[in-house]
Structures are given as structure tokens and as C-alpha cells.
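coords_37.pdb, holding PDB, C-alpha atoms:
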```pdb
MODEL        1
ATOM      1  CA  MET O   1      -4.929 -27.477  -8.705
ATOM      2  CA  ASN O   2      -3.738 -24.892  -6.161
ATOM      3  CA  ARG O   3      -5.753 -24.694  -2.971
ATOM      4  CA  ARG O   4      -6.894 -21.249  -1.916
ATOM      5  CA  ARG O   5      -5.294 -19.945   1.253
ATOM      6  CA  PRO O   6      -7.929 -18.522   3.637
ATOM      7  CA  LEU O   7      -7.681 -15.216   5.472
ATOM      8  CA  MET O   8      -6.191 -15.856   8.919
ATOM      9  CA  LEU O   9      -6.146 -12.779  11.157
ATOM     10  CA  MET O  10      -5.751 -12.381  14.928
ATOM     11  CA  ARG O  11      -3.958 -15.725  15.046
ATOM     12  CA  PRO O  12      -0.271 -15.269  15.900
ATOM     13  CA  VAL O  13       2.303 -17.119  13.859
ATOM     14  CA  PRO O  14       4.027 -19.621  16.175
ATOM     15  CA  GLY O  15       7.635 -19.181  17.074
ATOM     16  CA  PRO O  16       9.589 -16.691  19.196
ATOM     17  CA  SER O  17      10.986 -13.592  17.543
ATOM     18  CA  PRO O  18      11.927 -10.027  18.544
ATOM     19  CA  ILE O  19       8.630  -8.795  17.063
ATOM     20  CA  HIS O  20       6.584 -11.319  19.046
ATOM     21  CA  ALA O  21       8.363 -10.147  22.197
ATOM     22  CA  LEU O  22       7.358  -6.508  21.726
ATOM     23  CA  TRP O  23       4.744  -4.989  23.989
ATOM     24  CA  ALA O  24       1.307  -4.878  22.371
ATOM     25  CA  GLY O  25       1.046  -1.153  23.136
ATOM     26  CA  THR O  26       4.171  -0.477  21.076
ATOM     27  CA  LYS O  27       2.553  -2.128  18.056
ATOM     28  CA  LEU O  28      -0.657  -0.146  18.550
ATOM     29  CA  ILE O  29       1.320   3.109  18.755
ATOM     30  CA  ALA O  30       3.245   2.129  15.618
ATOM     31  CA  ALA O  31      -0.005   1.444  13.761
ATOM     32  CA  LEU O  32      -1.390   4.840  14.837
ATOM     33  CA  ALA O  33       1.806   6.702  13.889
ATOM     34  CA  ILE O  34       2.028   5.076  10.460
ATOM     35  CA  SER O  35      -1.670   5.705   9.787
ATOM     36  CA  VAL O  36      -1.269   9.380  10.665
ATOM     37  CA  LEU O  37       1.858   9.629   8.500
ATOM     38  CA  LEU O  38       0.173   8.147   5.434
ATOM     39  CA  THR O  39      -2.912  10.289   6.018
ATOM     40  CA  VAL O  40      -0.981  13.548   6.282
ATOM     41  CA  MET O  41       1.569  12.745   3.579
ATOM     42  CA  PRO O  42       0.518   9.871   1.264
ATOM     43  CA  SER O  43       3.524  10.278  -1.033
ATOM     44  CA  TRP O  44       5.360   7.521  -2.864
ATOM     45  CA  ILE O  45       8.382   8.017  -0.602
ATOM     46  CA  ALA O  46       6.345   7.594   2.583
ATOM     47  CA  ILE O  47       4.514   4.564   1.194
ATOM     48  CA  GLY O  48       7.797   2.980   0.071
ATOM     49  CA  LEU O  49       9.534   3.538   3.418
ATOM     50  CA  VAL O  50       6.598   2.104   5.354
ATOM     51  CA  ALA O  51       6.427  -0.870   2.969
ATOM     52  CA  LEU O  52      10.123  -1.579   3.530
ATOM     53  CA  LEU O  53       9.622  -1.316   7.290
ATOM     54  CA  ILE O  54       6.713  -3.772   7.144
ATOM     55  CA  LEU O  55       8.685  -6.239   4.992
ATOM     56  CA  PHE O  56      11.661  -6.028   7.349
ATOM     57  CA  THR O  57       9.386  -6.545  10.356
ATOM     58  CA  ALA O  58       7.683  -9.535   8.727
ATOM     59  CA  ALA O  59      11.049 -11.110   7.888
ATOM     60  CA  LEU O  60      12.288 -10.501  11.436
ATOM     61  CA  ALA O  61       9.122 -12.121  12.813
ATOM     62  CA  GLY O  62       9.556 -15.181  10.592
ATOM     63  CA  ILE O  63       6.253 -14.703   8.744
ATOM     64  CA  SER O  64       6.095 -16.972   5.715
ATOM     65  CA  PRO O  65       4.598 -15.776   2.417
ATOM     66  CA  ARG O  66       2.161 -18.680   2.764
ATOM     67  CA  CYS O  67       0.363 -16.659   5.445
ATOM     68  CA  ILE O  68      -0.824 -14.261   2.744
ATOM     69  CA  PRO O  69      -4.352 -15.276   1.700
ATOM     70  CA  SER O  70      -5.284 -16.013  -1.882
ATOM     71  CA  ILE O  71      -6.836 -13.059  -3.664
ATOM     72  CA  PRO O  72     -10.123 -13.858  -5.444
ATOM     73  CA  ARG O  73     -10.297 -13.262  -9.166
ATOM     74  CA  GLY O  74     -13.088 -10.729  -8.681
ATOM     75  CA  VAL O  75     -10.697  -8.444  -6.786
ATOM     76  CA  TRP O  76      -8.193  -8.593  -9.637
ATOM     77  CA  LEU O  77     -10.960  -7.755 -12.107
ATOM     78  CA  LEU O  78     -11.966  -4.730 -10.030
ATOM     79  CA  VAL O  79      -8.353  -3.535  -9.924
ATOM     80  CA  VAL O  80      -7.966  -3.913 -13.688
ATOM     81  CA  ALA O  81     -11.296  -2.155 -14.333
ATOM     82  CA  GLY O  82     -10.368   0.698 -11.997
ATOM     83  CA  SER O  83      -6.995   1.146 -13.676
ATOM     84  CA  LEU O  84      -8.639   1.258 -17.110
ATOM     85  CA  PHE O  85     -11.110   3.912 -15.979
ATOM     86  CA  THR O  86      -8.298   6.051 -14.546
ATOM     87  CA  ILE O  87      -6.318   5.770 -17.786
ATOM     88  CA  VAL O  88      -9.343   7.016 -19.694
ATOM     89  CA  ASN O  89      -9.599  10.033 -17.357
ATOM     90  CA  GLY O  90      -6.060  11.044 -18.236
ATOM     91  CA  GLY O  91      -4.221  13.866 -16.470
ATOM     92  CA  ALA O  92      -0.639  15.050 -16.202
ATOM     93  CA  PRO O  93       1.998  13.718 -16.746
ATOM     94  CA  GLU O  94       1.386  12.761 -20.346
ATOM     95  CA  LEU O  95       3.057  10.211 -22.596
ATOM     96  CA  ARG O  96       3.392  10.807 -26.318
ATOM     97  CA  LEU O  97       2.936   7.702 -28.434
ATOM     98  CA  GLY O  98       3.502   9.001 -31.929
ATOM     99  CA  PRO O  99       0.623  11.325 -32.818
ATOM    100  CA  ALA O 100      -1.381  10.233 -29.747
ATOM    101  CA  THR O 101      -1.026  11.669 -26.231
ATOM    102  CA  LEU O 102      -1.899   9.546 -23.210
ATOM    103  CA  GLY O 103      -2.347  11.081 -19.758
ATOM    104  CA  VAL O 104      -1.276   8.777 -16.940
ATOM    105  CA  GLY O 105      -1.847  11.098 -13.969
ATOM    106  CA  GLY O 106      -5.088   9.424 -12.930
ATOM    107  CA  PHE O 107      -3.525   5.991 -13.312
ATOM    108  CA  LEU O 108      -0.599   6.964 -11.068
ATOM    109  CA  ASP O 109      -3.003   8.294  -8.434
ATOM    110  CA  PHE O 110      -4.928   5.025  -8.591
ATOM    111  CA  LEU O 111      -1.716   3.054  -8.116
ATOM    112  CA  ARG O 112      -0.726   5.235  -5.179
ATOM    113  CA  VAL O 113      -4.095   4.806  -3.441
ATOM    114  CA  THR O 114      -4.004   1.052  -4.088
ATOM    115  CA  SER O 115      -0.453   0.820  -2.724
ATOM    116  CA  LEU O 116      -1.444   2.822   0.345
ATOM    117  CA  GLY O 117      -4.334   0.445   1.025
ATOM    118  CA  LEU O 118      -2.095  -2.601   0.611
ATOM    119  CA  VAL O 119       0.474  -1.122   2.986
ATOM    120  CA  LEU O 120      -2.145  -0.480   5.674
ATOM    121  CA  ILE O 121      -3.569  -3.988   5.240
ATOM    122  CA  GLY O 122      -0.068  -5.420   5.520
ATOM    123  CA  LEU O 123       0.555  -3.377   8.661
ATOM    124  CA  GLY O 124      -2.582  -4.730  10.316
ATOM    125  CA  ALA O 125      -1.790  -8.276   9.208
ATOM    126  CA  VAL O 126       1.751  -8.213  10.630
ATOM    127  CA  ILE O 127       0.475  -6.868  13.943
ATOM    128  CA  SER O 128      -2.250  -9.517  14.135
ATOM    129  CA  TRP O 129       0.213 -12.306  13.257
ATOM    130  CA  THR O 130       2.650 -11.291  16.011
ATOM    131  CA  THR O 131       0.366 -10.225  18.866
ATOM    132  CA  GLN O 132      -1.511 -12.364  21.359
ATOM    133  CA  VAL O 133      -5.121 -11.247  21.763
ATOM    134  CA  ALA O 134      -4.821 -11.504  25.551
ATOM    135  CA  GLU O 135      -2.132  -8.785  25.522
ATOM    136  CA  ILE O 136      -4.311  -6.151  23.831
ATOM    137  CA  ALA O 137      -6.651  -5.323  26.716
ATOM    138  CA  PRO O 138      -3.878  -4.686  29.298
ATOM    139  CA  ALA O 139      -1.987  -2.585  26.743
ATOM    140  CA  VAL O 140      -5.037  -0.435  25.943
ATOM    141  CA  ALA O 141      -5.770  -0.010  29.661
ATOM    142  CA  LEU O 142      -2.195   1.123  30.299
ATOM    143  CA  LEU O 143      -2.028   3.492  27.318
ATOM    144  CA  PHE O 144      -5.255   5.279  28.232
ATOM    145  CA  ARG O 145      -4.696   5.262  31.999
ATOM    146  CA  PRO O 146      -4.419   9.097  32.163
ATOM    147  CA  LEU O 147      -8.028   9.360  30.968
ATOM    148  CA  ARG O 148      -9.216   7.783  34.204
ATOM    149  CA  ILE O 149      -8.905  11.218  35.764
ATOM    150  CA  LEU O 150     -11.866  12.215  33.581
ATOM    151  CA  ARG O 151     -13.778   9.120  34.809
ATOM    152  CA  VAL O 152     -13.577   7.473  31.382
ATOM    153  CA  PRO O 153     -14.340   3.718  31.598
ATOM    154  CA  ILE O 154     -10.966   2.652  30.226
ATOM    155  CA  ASP O 155     -11.195  -0.916  31.533
ATOM    156  CA  ASP O 156     -14.555  -1.449  29.843
ATOM    157  CA  TRP O 157     -13.170  -0.105  26.564
ATOM    158  CA  ALA O 158     -10.124  -2.365  26.805
ATOM    159  CA  VAL O 159     -12.262  -5.437  27.527
ATOM    160  CA  THR O 160     -14.599  -4.626  24.629
ATOM    161  CA  ILE O 161     -11.708  -4.241  22.180
ATOM    162  CA  SER O 162     -10.079  -7.444  23.394
ATOM    163  CA  LEU O 163     -13.289  -9.460  23.123
ATOM    164  CA  ALA O 164     -13.963  -8.102  19.633
ATOM    165  CA  PHE O 165     -10.510  -9.211  18.483
ATOM    166  CA  ARG O 166     -10.931 -12.562  20.215
ATOM    167  CA  MET O 167     -14.298 -13.223  18.563
ATOM    168  CA  PHE O 168     -13.105 -12.428  15.032
ATOM    169  CA  PRO O 169     -11.229 -15.713  14.358
ATOM    170  CA  MET O 170     -13.967 -17.724  16.075
ATOM    171  CA  LEU O 171     -16.749 -16.225  13.981
ATOM    172  CA  SER O 172     -14.751 -16.464  10.765
ATOM    173  CA  GLU O 173     -14.248 -20.181  11.407
ATOM    174  CA  GLU O 174     -17.947 -20.641  12.174
ATOM    175  CA  PHE O 175     -18.962 -18.837   8.984
ATOM    176  CA  ARG O 176     -16.554 -21.003   7.008
ATOM    177  CA  LEU O 177     -18.202 -24.108   8.473
ATOM    178  CA  LEU O 178     -21.652 -22.720   7.657
ATOM    179  CA  ALA O 179     -20.635 -22.143   4.051
ATOM    180  CA  ALA O 180     -19.197 -25.665   3.785
ATOM    181  CA  ALA O 181     -22.347 -27.193   5.294
ATOM    182  CA  ARG O 182     -24.505 -25.244   2.863
ATOM    183  CA  ARG O 183     -22.518 -26.559  -0.095
ATOM    184  CA  LEU O 184     -22.989 -30.136   1.161
ATOM    185  CA  GLN O 185     -26.765 -29.840   1.406
ATOM    186  CA  PRO O 186     -28.692 -31.962  -1.123
ATOM    187  CA  PRO O 187     -30.465 -30.012  -3.863
ATOM    188  CA  GLN O 188     -33.974 -28.940  -2.907
ATOM    189  CA  PRO O 189     -36.963 -29.764  -5.139
ATOM    190  CA  GLU O 190     -37.840 -26.107  -5.355
ATOM    191  CA  LYS O 191     -35.000 -23.619  -5.460
ATOM    192  CA  PRO O 192     -35.503 -20.851  -2.874
ATOM    193  CA  SER O 193     -35.304 -17.227  -3.850
ATOM    194  CA  ARG O 194     -32.215 -15.131  -3.286
ATOM    195  CA  ARG O 195     -33.962 -13.230  -0.515
ATOM    196  CA  ALA O 196     -34.824 -16.463   1.313
ATOM    197  CA  GLU O 197     -31.195 -17.629   1.054
ATOM    198  CA  VAL O 198     -29.917 -14.370   2.513
ATOM    199  CA  VAL O 199     -32.441 -14.570   5.372
ATOM    200  CA  ASP O 200     -31.400 -18.159   6.149
ATOM    201  CA  LEU O 201     -27.701 -17.261   6.169
ATOM    202  CA  CYS O 202     -28.239 -14.192   8.372
ATOM    203  CA  THR O 203     -30.342 -16.221  10.814
ATOM    204  CA  ALA O 204     -27.706 -18.938  11.046
ATOM    205  CA  ALA O 205     -24.970 -16.336  11.530
ATOM    206  CA  MET O 206     -26.939 -14.655  14.354
ATOM    207  CA  VAL O 207     -27.522 -17.988  16.093
ATOM    208  CA  VAL O 208     -23.836 -18.903  15.866
ATOM    209  CA  SER O 209     -22.763 -15.453  17.132
ATOM    210  CA  LEU O 210     -25.145 -15.601  20.103
ATOM    211  CA  ARG O 211     -23.979 -19.112  20.979
ATOM    212  CA  ARG O 212     -20.332 -18.062  20.863
ATOM    213  CA  ALA O 213     -21.071 -14.936  22.933
ATOM    214  CA  THR O 214     -22.849 -17.033  25.572
ATOM    215  CA  GLU O 215     -19.959 -19.480  25.777
ATOM    216  CA  MET O 216     -17.427 -16.665  26.096
ATOM    217  CA  GLY O 217     -19.517 -14.913  28.760
ATOM    218  CA  ASP O 218     -19.682 -18.101  30.821
ATOM    219  CA  ALA O 219     -15.922 -18.583  30.466
ATOM    220  CA  ILE O 220     -15.207 -14.998  31.565
ATOM    221  CA  THR O 221     -17.515 -15.349  34.565
ATOM    222  CA  ALA O 222     -15.840 -18.605  35.598
ATOM    223  CA  ARG O 223     -12.437 -16.917  35.489
ATOM    224  CA  GLY O 224     -13.367 -14.021  37.750
ATOM    225  CA  GLY O 225     -15.186 -11.510  35.563
ATOM    226  CA  ALA O 226     -14.263  -9.021  32.861
ATOM    227  CA  GLY O 227     -11.995  -7.019  35.171
ATOM    228  CA  ARG O 228      -9.303  -9.688  35.065
ATOM    229  CA  ILE O 229      -8.944  -9.321  31.291
ATOM    230  CA  SER O 230      -7.340  -5.878  31.596
ATOM    231  CA  ALA O 231      -5.456  -6.647  34.821
ATOM    232  CA  HIS O 232      -1.746  -7.366  35.201
ATOM    233  CA  PRO O 233      -0.445  -5.161  32.385
ATOM    234  CA  ILE O 234       2.882  -5.885  30.705
ATOM    235  CA  TYR O 235       5.208  -2.895  30.641
ATOM    236  CA  PRO O 236       7.498  -1.966  27.722
ATOM    237  CA  GLY O 237      11.175  -2.842  27.769
ATOM    238  CA  TRP O 238      14.363  -2.094  25.883
ATOM    239  CA  ARG O 239      13.112  -3.812  22.732
ATOM    240  CA  ASP O 240      10.155  -1.437  22.664
ATOM    241  CA  ALA O 241      12.471   1.561  23.041
ATOM    242  CA  LEU O 242      14.544   0.313  20.092
ATOM    243  CA  ALA O 243      11.425  -0.273  17.991
ATOM    244  CA  ALA O 244      10.126   3.215  18.834
ATOM    245  CA  ALA O 245      13.471   4.715  17.777
ATOM    246  CA  VAL O 246      13.367   2.881  14.428
ATOM    247  CA  LEU O 247       9.777   3.995  13.860
ATOM    248  CA  ALA O 248      10.649   7.599  14.691
ATOM    249  CA  ALA O 249      13.575   7.460  12.274
ATOM    250  CA  VAL O 250      11.354   6.149   9.455
ATOM    251  CA  VAL O 251       8.690   8.813  10.084
ATOM    252  CA  THR O 252      11.289  11.593  10.260
ATOM    253  CA  LEU O 253      12.987  10.379   7.070
ATOM    254  CA  ALA O 254       9.635  10.258   5.273
ATOM    255  CA  PHE O 255       8.921  13.877   6.221
ATOM    256  CA  LEU O 256      12.408  15.049   5.248
ATOM    257  CA  LEU O 257      12.396  13.326   1.874
ATOM    258  CA  GLY O 258       8.779  14.214   1.206
TER     259      GLY O 258
ENDMDL
END
```
Rewrite the structure from the file as C-alpha cells, please.
Amino acid sequence: MNRRRPLMLMRPVPGPSPIHALWAGTKLIAALAISVLLTVMPSWIAIGLVALLILFTAALAGISPRCIPSIPRGVWLLVVAGSLFTIVNGGAPELRLGPATLGVGGFLDFLRVTSLGLVLIGLGAVISWTTQVAEIAPAVALLFRPLRILRVPIDDWAVTISLAFRMFPMLSEEFRLLAAARRLQPPQPEKPSRRAEVVDLCTAAMVVSLRRATEMGDAITARGGAGRISAHPIYPGWRDALAAAVLAAVVTLAFLLG
């Protein structure tokens, strides 16, 4: 029996690689540029070029296919049901199967939207698997430094983003432990209602989140406060310039071919 692989985000894959060595700000800019590209021009050519870029980046970073989480069967059922509904809707182009005519335009649109979502998820996963959480806050503070002229609290924003990313793997692990502990509980004489179960789970999740937040606040205070999180920024180097050139070439090619 195959064991399900859990979702592991914001936990870098160990091992040095050219992608791991990139500045975190370069990866954030790449994510923004690709998101804008696929929003403005969500064509098959753009999606294919970005998918190839992501696959090449993952291979260069040494990311194993085992890092990809197992997809629940319910998700596959939703995809199949959505594809069936789009086939029923029809639309150009049309396929002639003897006397019958089948429109596959809606189905192709569904496949394109699904592929676009998978590409964006893959982009975020590759960035999270190759970026240290501690590098995000200094990168955000450096990228938005010009906004300090307008008295925008850039450091507070950077610290908030960094702490949110740092808490995600902790809370996901805590919720996984809560679910395992709930499965190990002995059966109760009287089965509680669904509403009572949801209330118990939400209460436990809130308690765990508050405990983790308190522990992290104490750790930040002991290390000198939140200001040190965004201090000592790392500046881009020649690898970042090369990565920016490759990204610009992919975006330009997508616009020319599209």
C-alpha cells in the first residue's frame, strides 16, 4: 500500500544549487512577473513556456518528484466532473463523430484554466522549496525601500510576511498532530454532532496557534526584537542578473509567439 505524501511548503529542499543561491527578491520578482504574464496573456504558449521554465528550474535545484504531495481522490473526481460539464456545454471547435457533432471548446478552456492553476502552484512550490524563510523579510524590505519616502512601514510589512511564512509549516505540523490524536481517541459512548466536532477542532486549532505565537514572540524578543528580522539584507549578484535575463527572455518570447 502506497503511503500518501503530505504537502510540505516553506521547507527548503536540502542541498546547494544555483537556484538555492539566488537572492530571495529575485524569486519574488520572478513570481510577480510570471503571474502578470499569465494574467494578461493566459495562452497555451505562455503556459507551456512557463511550465518548461519551472521544470528546468526544479531540475537545476535538484528537487525530486517525491516532493510532490499525493493528490486526494476527491480532487481527481472534481476534475473529471468539471471536464464532463464543460464537454456538455460544447463550443467551437467541433469534432464530427459520424452523424454526431461534439463541441470541445469549453473542455479546452477548462484544460487551459486547470493547467494555468497547476503552473502557478508549481511556481510557488519551487520558490518555497528553494528559499529560506529568514531571507524573505530582508528581501521585501530592500525591494520596497523607495516607499519609505512616503513613510510606509516597510519593515513592519516585511516582518509580518516573514512571520506568516515561518508559521505556516509549524501550524501545518500541529494540525497534522491534532488530526492523528483525534483518530487515536477511543470511541465515545455517545457520538457528538458534526457541529460539536467542528467547534472542538476550531478550539484546539486556536489554542495551538496562540501557543505557537507566544513562543515565537518570546524568541523574537530574546533575539533583539522584530527589527532584526529585516536587518542585514542580502544583495543580488551575478546569478540574479543571469536569472533575470532568462526570465525576461521567456516573457518576451511568450509575448512574441502569443
Quiz item: So how far away is atom CA of O:Leu49 from atom CA of O:Ala254, in Å?
Solution: 7.0 Å
Quiz item: Quick one: which residues end up in the PyMOL selection byres ((chain O and resi 13) around 8) for this structure, as a list of chain:residue names?
Solution: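 Residues picked by the PyMOL selection byres ((chain O and resi 13) around 8): O:Arg11, O:Pro12, O:Pro14, O:Gly15, O:Ile63, O:Trp129, O:Thr130.
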Exercise. Excluding O:Ala21 and any residue of its chain fewer than 2 positions from it, enumerate the residues within 12 Å of it, using only C-alpha atoms, and give them as a list of chain:residue names.
Key: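 Listing them by chain and then by number gives O:Pro12, O:Gly15, O:Pro16, O:Ser17, O:Pro18, O:Ile19, O:Trp23, O:Ala24, O:Gly25, O:Thr26, O:Lys27, O:Leu60, O:Ala61, O:Ile127, O:Thr130, O:Thr131, O:Gln132, O:Glu135, O:Ile234, O:Tyr235, O:Pro236, O:Gly237, O:Trp238, O:Arg239, O:Asp240, O:Ala243.
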Exercise. Spell out the residues picked by the PyMOL selection byres ((chain O and resi 169-175) around 8) here, as a PyMOL selection string.
Key: chain O and resi 8-11+165-168+176-179+205+208-209+212
With only C-alpha atoms counted and 12 Å as the cut-off, give the residues of stretch 122-199 of chain O in contact with stretch 65-89 of chain O, each with its shortest interatomic distance in Å and the pair that gives it, as JSON lines.
```
{"residue": "O:Gly122", "atom": "CA", "partner": "O:Ile68", "partner_atom": "CA", "distance": 9.3}
{"residue": "O:Ala125", "atom": "CA", "partner": "O:Ile68", "partner_atom": "CA", "distance": 8.9}
{"residue": "O:Val126", "atom": "CA", "partner": "O:Cys67", "partner_atom": "CA", "distance": 10.0}
{"residue": "O:Ser128", "atom": "CA", "partner": "O:Cys67", "partner_atom": "CA", "distance": 11.5}
{"residue": "O:Trp129", "atom": "CA", "partner": "O:Cys67", "partner_atom": "CA", "distance": 8.9}
```
Quiz prompt | Straight-line distance linking atom CA of O:Ala134 with atom CA of O:Ile29, stated in Å to one decimal | solution =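 Between atom CA of O:Ala134 and atom CA of O:Ile29 the gap is 17.2 Å.
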Reconstruct N, CA and C atoms of stretch 150-171 of chain O; output as a PDB file, in the frame of the given file.
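Saved result, out_23.pdb, follows:
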```
ATOM      1  N   LEU O 150     -10.599  11.695  34.091  1.00  0.00           N
ATOM      2  CA  LEU O 150     -11.866  12.215  33.581  1.00  0.00           C
ATOM      3  C   LEU O 150     -13.008  11.217  33.760  1.00  0.00           C
ATOM      4  N   ARG O 151     -12.771  10.158  34.539  1.00  0.00           N
ATOM      5  CA  ARG O 151     -13.778   9.120  34.809  1.00  0.00           C
ATOM      6  C   ARG O 151     -14.230   8.403  33.524  1.00  0.00           C
ATOM      7  N   VAL O 152     -13.296   8.224  32.601  1.00  0.00           N
ATOM      8  CA  VAL O 152     -13.577   7.473  31.382  1.00  0.00           C
ATOM      9  C   VAL O 152     -13.442   5.981  31.690  1.00  0.00           C
ATOM     10  N   PRO O 153     -14.415   5.163  31.293  1.00  0.00           N
ATOM     11  CA  PRO O 153     -14.340   3.718  31.598  1.00  0.00           C
ATOM     12  C   PRO O 153     -13.308   2.998  30.728  1.00  0.00           C
ATOM     13  N   ILE O 154     -12.048   3.206  31.035  1.00  0.00           N
ATOM     14  CA  ILE O 154     -10.966   2.652  30.226  1.00  0.00           C
ATOM     15  C   ILE O 154     -10.986   1.130  30.252  1.00  0.00           C
ATOM     16  N   ASP O 155     -11.211   0.550  31.437  1.00  0.00           N
ATOM     17  CA  ASP O 155     -11.195  -0.916  31.533  1.00  0.00           C
ATOM     18  C   ASP O 155     -12.292  -1.539  30.679  1.00  0.00           C
ATOM     19  N   ASP O 156     -13.465  -0.918  30.668  1.00  0.00           N
ATOM     20  CA  ASP O 156     -14.555  -1.449  29.843  1.00  0.00           C
ATOM     21  C   ASP O 156     -14.218  -1.353  28.359  1.00  0.00           C
ATOM     22  N   TRP O 157     -13.585  -0.245  27.959  1.00  0.00           N
ATOM     23  CA  TRP O 157     -13.170  -0.105  26.564  1.00  0.00           C
ATOM     24  C   TRP O 157     -12.146  -1.180  26.198  1.00  0.00           C
ATOM     25  N   ALA O 158     -11.173  -1.383  27.082  1.00  0.00           N
ATOM     26  CA  ALA O 158     -10.124  -2.365  26.805  1.00  0.00           C
ATOM     27  C   ALA O 158     -10.708  -3.770  26.686  1.00  0.00           C
ATOM     28  N   VAL O 159     -11.635  -4.111  27.580  1.00  0.00           N
ATOM     29  CA  VAL O 159     -12.262  -5.437  27.527  1.00  0.00           C
ATOM     30  C   VAL O 159     -13.074  -5.599  26.244  1.00  0.00           C
ATOM     31  N   THR O 160     -13.794  -4.550  25.853  1.00  0.00           N
ATOM     32  CA  THR O 160     -14.599  -4.626  24.629  1.00  0.00           C
ATOM     33  C   THR O 160     -13.723  -4.836  23.400  1.00  0.00           C
ATOM     34  N   ILE O 161     -12.620  -4.088  23.314  1.00  0.00           N
ATOM     35  CA  ILE O 161     -11.708  -4.241  22.180  1.00  0.00           C
ATOM     36  C   ILE O 161     -11.096  -5.639  22.159  1.00  0.00           C
ATOM     37  N   SER O 162     -10.691  -6.122  23.328  1.00  0.00           N
ATOM     38  CA  SER O 162     -10.079  -7.444  23.394  1.00  0.00           C
ATOM     39  C   SER O 162     -11.059  -8.540  23.002  1.00  0.00           C
ATOM     40  N   LEU O 163     -12.297  -8.442  23.464  1.00  0.00           N
ATOM     41  CA  LEU O 163     -13.289  -9.460  23.123  1.00  0.00           C
ATOM     42  C   LEU O 163     -13.640  -9.417  21.639  1.00  0.00           C
ATOM     43  N   ALA O 164     -13.680  -8.204  21.069  1.00  0.00           N
ATOM     44  CA  ALA O 164     -13.963  -8.102  19.633  1.00  0.00           C
ATOM     45  C   ALA O 164     -12.864  -8.781  18.815  1.00  0.00           C
ATOM     46  N   PHE O 165     -11.610  -8.553  19.183  1.00  0.00           N
ATOM     47  CA  PHE O 165     -10.510  -9.211  18.483  1.00  0.00           C
ATOM     48  C   PHE O 165     -10.529 -10.727  18.705  1.00  0.00           C
ATOM     49  N   ARG O 166     -10.914 -11.136  19.916  1.00  0.00           N
ATOM     50  CA  ARG O 166     -10.931 -12.562  20.215  1.00  0.00           C
ATOM     51  C   ARG O 166     -12.049 -13.283  19.458  1.00  0.00           C
ATOM     52  N   MET O 167     -13.167 -12.593  19.240  1.00  0.00           N
ATOM     53  CA  MET O 167     -14.298 -13.223  18.563  1.00  0.00           C
ATOM     54  C   MET O 167     -14.108 -13.305  17.056  1.00  0.00           C
ATOM     55  N   PHE O 168     -13.251 -12.459  16.486  1.00  0.00           N
ATOM     56  CA  PHE O 168     -13.105 -12.428  15.032  1.00  0.00           C
ATOM     57  C   PHE O 168     -12.673 -13.773  14.458  1.00  0.00           C
ATOM     58  N   PRO O 169     -11.592 -14.407  14.950  1.00  0.00           N
ATOM     59  CA  PRO O 169     -11.229 -15.713  14.358  1.00  0.00           C
ATOM     60  C   PRO O 169     -12.266 -16.791  14.631  1.00  0.00           C
ATOM     61  N   MET O 170     -12.943 -16.724  15.788  1.00  0.00           N
ATOM     62  CA  MET O 170     -13.967 -17.724  16.075  1.00  0.00           C
ATOM     63  C   MET O 170     -15.128 -17.625  15.095  1.00  0.00           C
ATOM     64  N   LEU O 171     -15.613 -16.402  14.874  1.00  0.00           N
ATOM     65  CA  LEU O 171     -16.749 -16.225  13.981  1.00  0.00           C
ATOM     66  C   LEU O 171     -16.376 -16.522  12.538  1.00  0.00           C
TER      67      LEU O 171
END
```
